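S.K.: Data: structure05.cif, mmCIF, C-alpha atoms.
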data_protein
loop_
_atom_site.label_atom_id
_atom_site.label_comp_id
_atom_site.auth_asym_id
_atom_site.auth_seq_id
_atom_site.Cartn_x
_atom_site.Cartn_y
_atom_site.Cartn_z
CA MET A 25 -8.57 9.10 -14.39
CA LYS A 26 -6.78 5.83 -13.73
CA VAL A 27 -9.21 3.99 -11.40
CA TYR A 28 -10.07 0.65 -13.02
CA HIS A 29 -11.27 -1.56 -10.15
CA ILE A 30 -13.25 -1.02 -6.92
CA THR A 31 -14.03 -3.48 -4.14
CA TYR A 32 -16.04 -2.97 -0.97
CA SER A 33 -16.14 -4.48 2.52
CA PRO A 34 -19.65 -3.78 3.88
CA SER A 35 -18.92 -4.74 7.51
CA ILE A 36 -16.30 -1.99 7.84
CA LYS A 37 -17.79 0.35 5.18
CA THR A 38 -14.47 0.52 3.34
CA ALA A 39 -13.93 0.80 -0.40
CA CYS A 40 -10.63 0.01 -2.11
CA LEU A 41 -9.87 1.97 -5.27
CA TYR A 42 -7.28 0.46 -7.63
CA PHE A 43 -5.26 2.83 -9.83
CA TYR A 44 -3.54 1.68 -13.02
CA GLY A 45 0.15 2.37 -13.66
CA CYS A 46 3.27 2.74 -11.52
CA ASN A 47 6.51 4.72 -11.41
CA PHE A 48 8.43 1.69 -10.06
CA ARG A 49 9.22 -1.53 -11.91
CA CYS A 50 9.24 -4.11 -9.11
CA SER A 51 9.53 -7.63 -10.52
CA PHE A 52 7.87 -9.03 -7.38
CA CYS A 53 4.75 -6.83 -7.63
CA ILE A 54 1.53 -8.65 -6.74
CA ARG A 55 -0.10 -7.02 -9.78
CA LYS A 56 1.95 -9.36 -11.95
CA LYS A 57 -0.12 -12.15 -10.42
CA SER A 58 -3.44 -10.36 -10.63
CA MET A 59 -4.57 -6.84 -11.51
CA TYR A 60 -7.51 -7.23 -9.18
CA ASP A 61 -8.18 -7.59 -5.48
CA ILE A 62 -6.56 -10.90 -4.55
CA HIS A 63 -9.29 -11.55 -1.96
CA LEU A 64 -11.96 -12.04 -4.63
CA GLU A 65 -12.96 -15.62 -5.40
CA ASN A 66 -13.33 -14.82 -9.10
CA GLU A 67 -11.56 -12.17 -11.14
CA PRO A 68 -13.66 -9.59 -13.01
CA LYS A 69 -14.40 -10.41 -16.63
CA GLY A 70 -14.51 -8.09 -19.60
CA LYS A 71 -12.42 -5.30 -21.04
CA LEU A 72 -10.42 -3.08 -18.70
CA ARG A 73 -12.05 0.34 -18.38
CA MET A 74 -10.90 3.51 -16.63
CA LEU A 75 -13.58 5.25 -14.57
CA GLY A 76 -14.27 8.98 -14.56
CA THR A 77 -14.04 11.04 -11.38
CA GLY A 78 -17.78 11.64 -11.29
CA GLU A 79 -18.49 7.93 -11.73
CA VAL A 80 -16.16 7.02 -8.87
CA LEU A 81 -17.79 9.59 -6.59
CA ARG A 82 -21.28 8.30 -7.41
CA ILE A 83 -20.21 4.72 -6.70
CA ILE A 84 -18.60 5.55 -3.35
CA ASP A 85 -21.54 7.72 -2.29
CA GLY A 86 -24.02 5.05 -3.35
CA LEU A 87 -22.22 2.40 -1.30
CA GLY A 88 -22.44 4.53 1.82
CA ALA A 89 -18.70 4.04 2.30
CA GLU A 90 -17.13 5.81 5.24
CA ARG A 91 -13.55 5.06 4.17
CA ALA A 92 -11.75 4.83 0.83
CA ILE A 93 -8.28 3.37 0.39
CA MET A 94 -6.35 4.58 -2.65
CA MET A 95 -4.09 1.77 -3.82
CA GLY A 96 -3.02 0.03 -6.99
CA TYR A 97 -0.38 -0.42 -8.73
CA GLU A 98 0.43 3.19 -7.56
CA PRO A 99 -2.28 5.84 -7.06
CA THR A 100 0.02 8.88 -7.13
CA VAL A 101 0.73 8.43 -10.86
CA ASP A 102 -2.80 9.73 -11.50
CA PRO A 103 -2.77 13.54 -11.84
CA GLU A 104 -6.48 13.58 -10.92
CA LEU A 105 -5.87 11.89 -7.55
CA PRO A 106 -5.67 15.14 -5.48
CA ASP A 107 -9.00 16.31 -6.90
CA LEU A 108 -10.65 12.95 -6.19
CA ALA A 109 -9.29 12.95 -2.62
CA GLU A 110 -10.64 16.44 -2.01
CA ARG A 111 -14.07 15.60 -3.37
CA LEU A 112 -14.28 12.38 -1.35
CA SER A 113 -13.37 14.37 1.76
CA ASP A 114 -16.24 16.74 0.92
CA LEU A 115 -18.51 13.66 1.06
CA ASN A 116 -17.16 12.95 4.59
CA VAL A 117 -15.31 9.89 3.33
CA GLN A 118 -12.03 9.22 5.16
CA VAL A 119 -9.31 8.94 2.53
CA SER A 120 -6.33 6.65 3.12
CA LEU A 121 -3.36 6.35 0.79
CA LEU A 122 -1.26 3.24 0.17
CA THR A 123 1.78 4.44 -1.75
CA ASN A 124 5.41 3.79 -2.60
CA GLY A 125 6.07 7.35 -1.44
CA TYR A 126 8.01 8.54 -4.48
CA GLU A 127 5.54 11.28 -5.49
CA LEU A 128 3.58 13.02 -2.71
CA SER A 129 2.22 16.49 -3.39
CA GLY A 130 1.22 18.91 -0.66
CA ARG A 131 -2.25 19.26 -2.17
CA LEU A 132 -2.83 15.51 -2.00
CA LEU A 133 -1.59 15.24 1.58
CA GLY A 134 -3.98 18.04 2.55
CA SER A 135 -6.94 15.75 1.78
CA VAL A 136 -5.57 12.46 3.09
CA GLU A 137 -6.29 11.32 6.63
CA LYS A 138 -3.93 8.34 6.72
CA VAL A 139 -0.85 7.26 4.78
CA CYS A 140 0.66 3.79 4.60
CA LEU A 141 4.03 4.03 2.86
CA SER A 142 5.52 0.87 1.40
CA ILE A 143 9.27 0.89 1.95
CA LYS A 144 10.72 -1.58 -0.55
CA ALA A 145 14.28 -1.39 0.80
CA TYR A 146 16.44 0.89 2.93
CA SER A 147 19.69 0.15 1.11
CA GLU A 148 19.98 2.58 -1.81
CA GLY A 149 21.58 0.12 -4.22
CA LEU A 150 19.06 -2.60 -3.50
CA HIS A 151 16.13 -0.19 -3.81
CA ARG A 152 17.39 1.02 -7.19
CA ARG A 153 17.89 -2.57 -8.37
CA LEU A 154 14.40 -3.56 -7.26
CA THR A 155 12.43 -0.53 -8.44
CA GLY A 156 14.56 1.28 -11.01
CA LYS A 157 14.70 4.37 -8.78
CA GLY A 158 16.63 5.53 -5.74
CA ASN A 159 14.96 5.75 -2.34
CA GLY A 160 16.12 9.20 -1.24
CA ARG A 161 12.78 10.81 -2.10
CA VAL A 162 10.89 7.92 -0.50
CA LEU A 163 12.67 8.28 2.83
CA GLU A 164 12.43 12.07 2.67
CA ASN A 165 8.70 11.90 1.99
CA PHE A 166 8.27 9.45 4.87
CA ARG A 167 9.75 12.06 7.20
CA LYS A 168 7.63 14.77 5.57
CA VAL A 169 4.36 12.93 6.18
CA HIS A 170 5.32 12.32 9.80
CA ASP A 171 6.31 15.96 10.31
CA LEU A 172 2.95 17.09 8.90
CA GLY A 173 1.23 15.14 11.66
CA ILE A 174 -0.66 12.84 9.28
CA PRO A 175 -1.23 9.38 10.80
CA LEU A 176 1.51 7.30 9.20
CA SER A 177 2.37 3.62 8.98
CA ALA A 178 4.89 1.62 6.98
CA GLU A 179 4.90 -1.78 5.35
CA SER A 180 7.47 -4.01 3.69
CA ILE A 181 7.39 -7.32 1.85
CA TYR A 182 9.61 -10.11 3.17
CA ILE A 183 11.20 -11.97 0.25
CA PRO A 184 13.75 -14.66 1.24
CA GLY A 185 17.10 -13.98 -0.39
CA LEU A 186 16.05 -10.53 -1.57
CA ILE A 187 14.33 -8.46 1.12
CA ASP A 188 14.94 -10.58 4.18
CA LEU A 189 15.88 -10.20 7.84
CA ASP A 190 18.89 -7.92 7.39
CA GLU A 191 16.99 -5.47 5.18
CA ILE A 192 13.89 -5.54 7.39
CA MET A 193 16.11 -4.57 10.33
CA LYS A 194 17.55 -1.62 8.41
CA ILE A 195 14.03 -0.43 7.62
CA ALA A 196 12.92 -0.85 11.24
CA ARG A 197 15.91 1.15 12.49
CA PHE A 198 15.17 3.93 10.00
CA ILE A 199 11.53 4.15 11.10
CA SER A 200 12.58 4.13 14.75
CA SER A 201 14.96 7.05 14.12
CA ILE A 202 11.90 9.12 13.18
CA ASP A 203 9.41 7.77 15.72
CA PRO A 204 9.38 4.30 17.36
CA GLU A 205 5.59 4.59 17.70
CA ILE A 206 5.04 4.44 13.92
CA PRO A 207 3.27 1.15 13.09
CA TYR A 208 5.23 -1.23 10.87
CA HIS A 209 3.68 -4.16 9.01
CA ILE A 210 5.60 -7.05 7.43
CA ASP A 211 3.86 -8.92 4.61
CA ALA A 212 4.84 -12.37 3.38
CA TYR A 213 5.78 -12.39 -0.28
CA ILE A 214 3.24 -14.05 -2.56
CA PRO A 215 5.24 -15.56 -5.46
CA VAL A 216 4.40 -14.14 -8.87
CA ASP A 217 6.93 -16.38 -10.64
CA ASP A 218 9.57 -18.97 -9.72
CA ARG A 219 12.46 -16.58 -8.95
CA TRP A 220 11.79 -16.28 -5.22
CA ARG A 221 9.92 -18.45 -2.76
CA ALA A 222 7.37 -17.45 -0.15
CA PRO A 223 8.81 -17.06 3.36
CA THR A 224 8.01 -19.53 6.09
CA ALA A 225 5.90 -18.45 9.05
CA LYS A 226 8.99 -18.72 11.24
CA GLU A 227 10.92 -16.33 9.01
CA ILE A 228 8.13 -13.76 9.20
CA ILE A 229 7.70 -14.12 12.96
CA ASP A 230 11.45 -13.90 13.57
CA ALA A 231 11.61 -10.72 11.48
CA ALA A 232 8.73 -9.22 13.45
CA LEU A 233 10.39 -10.07 16.76
CA GLU A 234 13.63 -8.43 15.62
CA ALA A 235 11.76 -5.34 14.38
CA LYS A 236 10.10 -5.06 17.79
CA LYS A 237 13.53 -4.35 19.27
CA TYR A 238 13.28 -0.95 17.56
CA LEU A 239 9.55 -0.34 17.12
CA LYS A 240 6.60 -0.54 19.49
CA ASN A 241 3.90 -1.44 16.96
CA VAL A 242 4.86 -4.30 14.65
CA SER A 243 2.36 -6.55 12.88
CA TYR A 244 2.71 -9.20 10.20
CA LEU A 245 0.91 -11.57 7.86
CA CYS A 246 2.35 -15.00 7.13
CA GLY A 247 0.18 -15.46 4.05
CA ASP A 248 -2.11 -18.23 5.27
CA GLU A 249 -4.52 -16.14 7.37
CA ARG A 250 -8.26 -16.31 6.81
CA LEU A 251 -9.99 -13.26 5.36
CA GLU A 252 -11.38 -11.17 8.22
CA HIS A 253 -13.98 -9.15 6.28
CA GLU A 254 -16.07 -9.99 3.22
CA VAL A 255 -14.82 -8.35 0.02
CA ILE A 256 -17.22 -7.81 -2.87
CA GLN A 257 -16.51 -6.63 -6.39
CA VAL A 258 -18.14 -3.32 -7.32
CA VAL A 259 -16.35 -2.65 -10.62
#
Could you write out this file's structure as structure tokens?

M.R.:
Amino acid sequence: MKVYHITYSPSIKTACLYFYGCNFRCSFCIRKKSMYDIHLENEPKGKLRMLGTGEVLRIIDGLGAERAIMMGYEPTVDPELPDLAERLSDLNVQVSLLTNGYELSGRLLGSVEKVCLSIKAYSEGLHRRLTGKGNGRVLENFRKVHDLGIPLSAESIYIPGLIDLDEIMKIARFISSIDPEIPYHIDAYIPVDDRWRAPTAKEIIDAALEAKKYLKNVSYLCGDERLEHEVIQVV
């Protein structure tokens, strides 16, 4: 399996599982800055190692975790993900999925209690330029998750000059066309190189205010917030 990194927040009993590999090629991906949880003070040392399903289950059970967030890179590239999700559910662990939404199988969704789908762009041409793939399947899968009644949220990254106010508005209108109650989160871009700058707090707040014209539940991070919960490295 493709899990290579696990962190844990004891105060909320939540483990984050990081999966290696992705079916998109986003040049702004935070994994280009660090493969590991960016909230850690020090990055893990040593050779990268993929964990087996049994090992992951023992770790999560031993932590006493009540929630596990599948994230990455992109967790759905791992063919063993549906099996892991099912087995974690059998341990009464609530499984959440953070995904780009391109590949979502029915078996996987049957074991997931929450989905956060990252919408890179609403404009087809821009999405293809950013990721190397069209967004038709992403938007279709977003509707599918909602129609299945799985608790769903969306997130986007605000990148000045690339994914900025105009594109955020298009995404907000799309989400609203499905259900204006769906939570939408706007993240400030963390520069991974010198091609694009980080947004200002005003740019993020203005985007959130505009999104609230279409959606009832909009949140954001400007990038300078203090960490709310302790994060410890497990693997």

S.K.: Which value, in Å to one decimal, gives the distance between CA of His209 in chain A and CA of Val242 in chain A?

M.R.: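 Interatomic distance here is 5.8 Å.
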
S.K.: Evaluate the PyMOL selection byres ((chain A and resi 52-58) around 8) against this structure - the residues, as a PyMOL selection string, please.

M.R.: chain A and resi 50-51+59-62+97+214-216

S.K.: Would you kindly return, as a PyMOL selection string, each protein, DNA or RNA residue with an atom no farther than 12 Å from any atom of Leu128 in chain A, considering all atoms listed in the file and excluding same-chain residues fewer than 5 positions away?

M.R.: chain A and resi 98-103+105-106+121-123+133-136+139+141+161-169

S.K.: How many Å lie between CA of Val117 in chain A and CA of Ala178 in chain A, rounded to one decimal?

M.R.: 22.1 Å

S.K.: As a check of understanding, name the residues that the PyMOL selection byres ((chain A and resi 28-37) around 10) selects in the supplied structure, as a short mmCIF file (atom, residue, chain, number, x, y, z; two decimals) with C-alpha atoms, in the frame of the given file.

M.R.:
data_model
loop_
_atom_site.label_atom_id
_atom_site.label_comp_id
_atom_site.auth_asym_id
_atom_site.auth_seq_id
_atom_site.Cartn_x
_atom_site.Cartn_y
_atom_site.Cartn_z
CA MET A 25 -8.57 9.10 -14.39
CA LYS A 26 -6.78 5.83 -13.73
CA VAL A 27 -9.21 3.99 -11.40
CA THR A 38 -14.47 0.52 3.34
CA ALA A 39 -13.93 0.80 -0.40
CA CYS A 40 -10.63 0.01 -2.11
CA LEU A 41 -9.87 1.97 -5.27
CA TYR A 42 -7.28 0.46 -7.63
CA PHE A 43 -5.26 2.83 -9.83
CA TYR A 44 -3.54 1.68 -13.02
CA MET A 59 -4.57 -6.84 -11.51
CA TYR A 60 -7.51 -7.23 -9.18
CA ASP A 61 -8.18 -7.59 -5.48
CA HIS A 63 -9.29 -11.55 -1.96
CA LEU A 64 -11.96 -12.04 -4.63
CA PRO A 68 -13.66 -9.59 -13.01
CA LEU A 72 -10.42 -3.08 -18.70
CA ARG A 73 -12.05 0.34 -18.38
CA MET A 74 -10.90 3.51 -16.63
CA LEU A 75 -13.58 5.25 -14.57
CA GLY A 76 -14.27 8.98 -14.56
CA VAL A 80 -16.16 7.02 -8.87
CA ILE A 83 -20.21 4.72 -6.70
CA ILE A 84 -18.60 5.55 -3.35
CA LEU A 87 -22.22 2.40 -1.30
CA GLY A 88 -22.44 4.53 1.82
CA ALA A 89 -18.70 4.04 2.30
CA GLU A 90 -17.13 5.81 5.24
CA ARG A 91 -13.55 5.06 4.17
CA ALA A 92 -11.75 4.83 0.83
CA ILE A 93 -8.28 3.37 0.39
CA MET A 94 -6.35 4.58 -2.65
CA GLY A 96 -3.02 0.03 -6.99
CA GLU A 252 -11.38 -11.17 8.22
CA HIS A 253 -13.98 -9.15 6.28
CA GLU A 254 -16.07 -9.99 3.22
CA VAL A 255 -14.82 -8.35 0.02
CA ILE A 256 -17.22 -7.81 -2.87
CA GLN A 257 -16.51 -6.63 -6.39
CA VAL A 258 -18.14 -3.32 -7.32
CA VAL A 259 -16.35 -2.65 -10.62
#

S.K.: For CA of Ser243 in chain A and CA of Pro175 in chain A, quote the distance in Å rounded to one decimal.

M.R.: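 CA of Pro175 in chain A lies at a distance of 16.5 Å from CA of Ser243 in chain A.
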
S.K.: Nearest residue to Lys138 in chain A out of A:Ile174, A:Ala222, A:Met95, A:Leu233, using all atoms listed in the file?

M.R.: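 Among the listed residues, A:Ile174 lies closest to Lys138 in chain A.
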
S.K.: Skipping near chain neighbours, those fewer than 6 positions away, what residues fall within 9 Å of Thr224 in chain A using all atoms listed in the file, listed as a PyMOL selection string?

M.R.: chain A and resi 184+212+246

S.K.: Go ahead and save the residues from that selection, with C-alpha atoms, as a CSV table (one decimal), in the coordinates of the input.

M.R.:
chain,number,residue,atom,x,y,z
A,184,PRO,CA,13.8,-14.7,1.2
A,212,ALA,CA,4.8,-12.4,3.4
A,246,CYS,CA,2.4,-15.0,7.1

S.K.: Please write as a PDB file with C-alpha atoms, keeping the file's coordinate frame the list of polymer residues whose atoms come within 9 Å of (6.9, -12.8, 6.3), counting only C-alpha atoms and keeping to the coordinates of the file.

M.R.:
ATOM      1  CA  ILE A 181       7.390  -7.320   1.850  1.00  0.00           C
ATOM      2  CA  TYR A 182       9.610 -10.110   3.170  1.00  0.00           C
ATOM      3  CA  ILE A 183      11.200 -11.970   0.250  1.00  0.00           C
ATOM      4  CA  PRO A 184      13.750 -14.660   1.240  1.00  0.00           C
ATOM      5  CA  ASP A 188      14.940 -10.580   4.180  1.00  0.00           C
ATOM      6  CA  ILE A 210       5.600  -7.050   7.430  1.00  0.00           C
ATOM      7  CA  ASP A 211       3.860  -8.920   4.610  1.00  0.00           C
ATOM      8  CA  ALA A 212       4.840 -12.370   3.380  1.00  0.00           C
ATOM      9  CA  TYR A 213       5.780 -12.390  -0.280  1.00  0.00           C
ATOM     10  CA  ALA A 222       7.370 -17.450  -0.150  1.00  0.00           C
ATOM     11  CA  PRO A 223       8.810 -17.060   3.360  1.00  0.00           C
ATOM     12  CA  THR A 224       8.010 -19.530   6.090  1.00  0.00           C
ATOM     13  CA  ALA A 225       5.900 -18.450   9.050  1.00  0.00           C
ATOM     14  CA  LYS A 226       8.990 -18.720  11.240  1.00  0.00           C
ATOM     15  CA  GLU A 227      10.920 -16.330   9.010  1.00  0.00           C
ATOM     16  CA  ILE A 228       8.130 -13.760   9.200  1.00  0.00           C
ATOM     17  CA  ILE A 229       7.700 -14.120  12.960  1.00  0.00           C
ATOM     18  CA  ASP A 230      11.450 -13.900  13.570  1.00  0.00           C
ATOM     19  CA  ALA A 231      11.610 -10.720  11.480  1.00  0.00           C
ATOM     20  CA  ALA A 232       8.730  -9.220  13.450  1.00  0.00           C
ATOM     21  CA  TYR A 244       2.710  -9.200  10.200  1.00  0.00           C
ATOM     22  CA  LEU A 245       0.910 -11.570   7.860  1.00  0.00           C
ATOM     23  CA  CYS A 246       2.350 -15.000   7.130  1.00  0.00           C
ATOM     24  CA  GLY A 247       0.180 -15.460   4.050  1.00  0.00           C
TER      25      GLY A 247
END

S.K.: Using only C-alpha atoms, which of A:Ser113, A:Ser177, A:Arg153, A:Leu172 sits nearest Gly130 in chain A?

M.R.: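 Nearest to Gly130 in chain A: A:Leu172.
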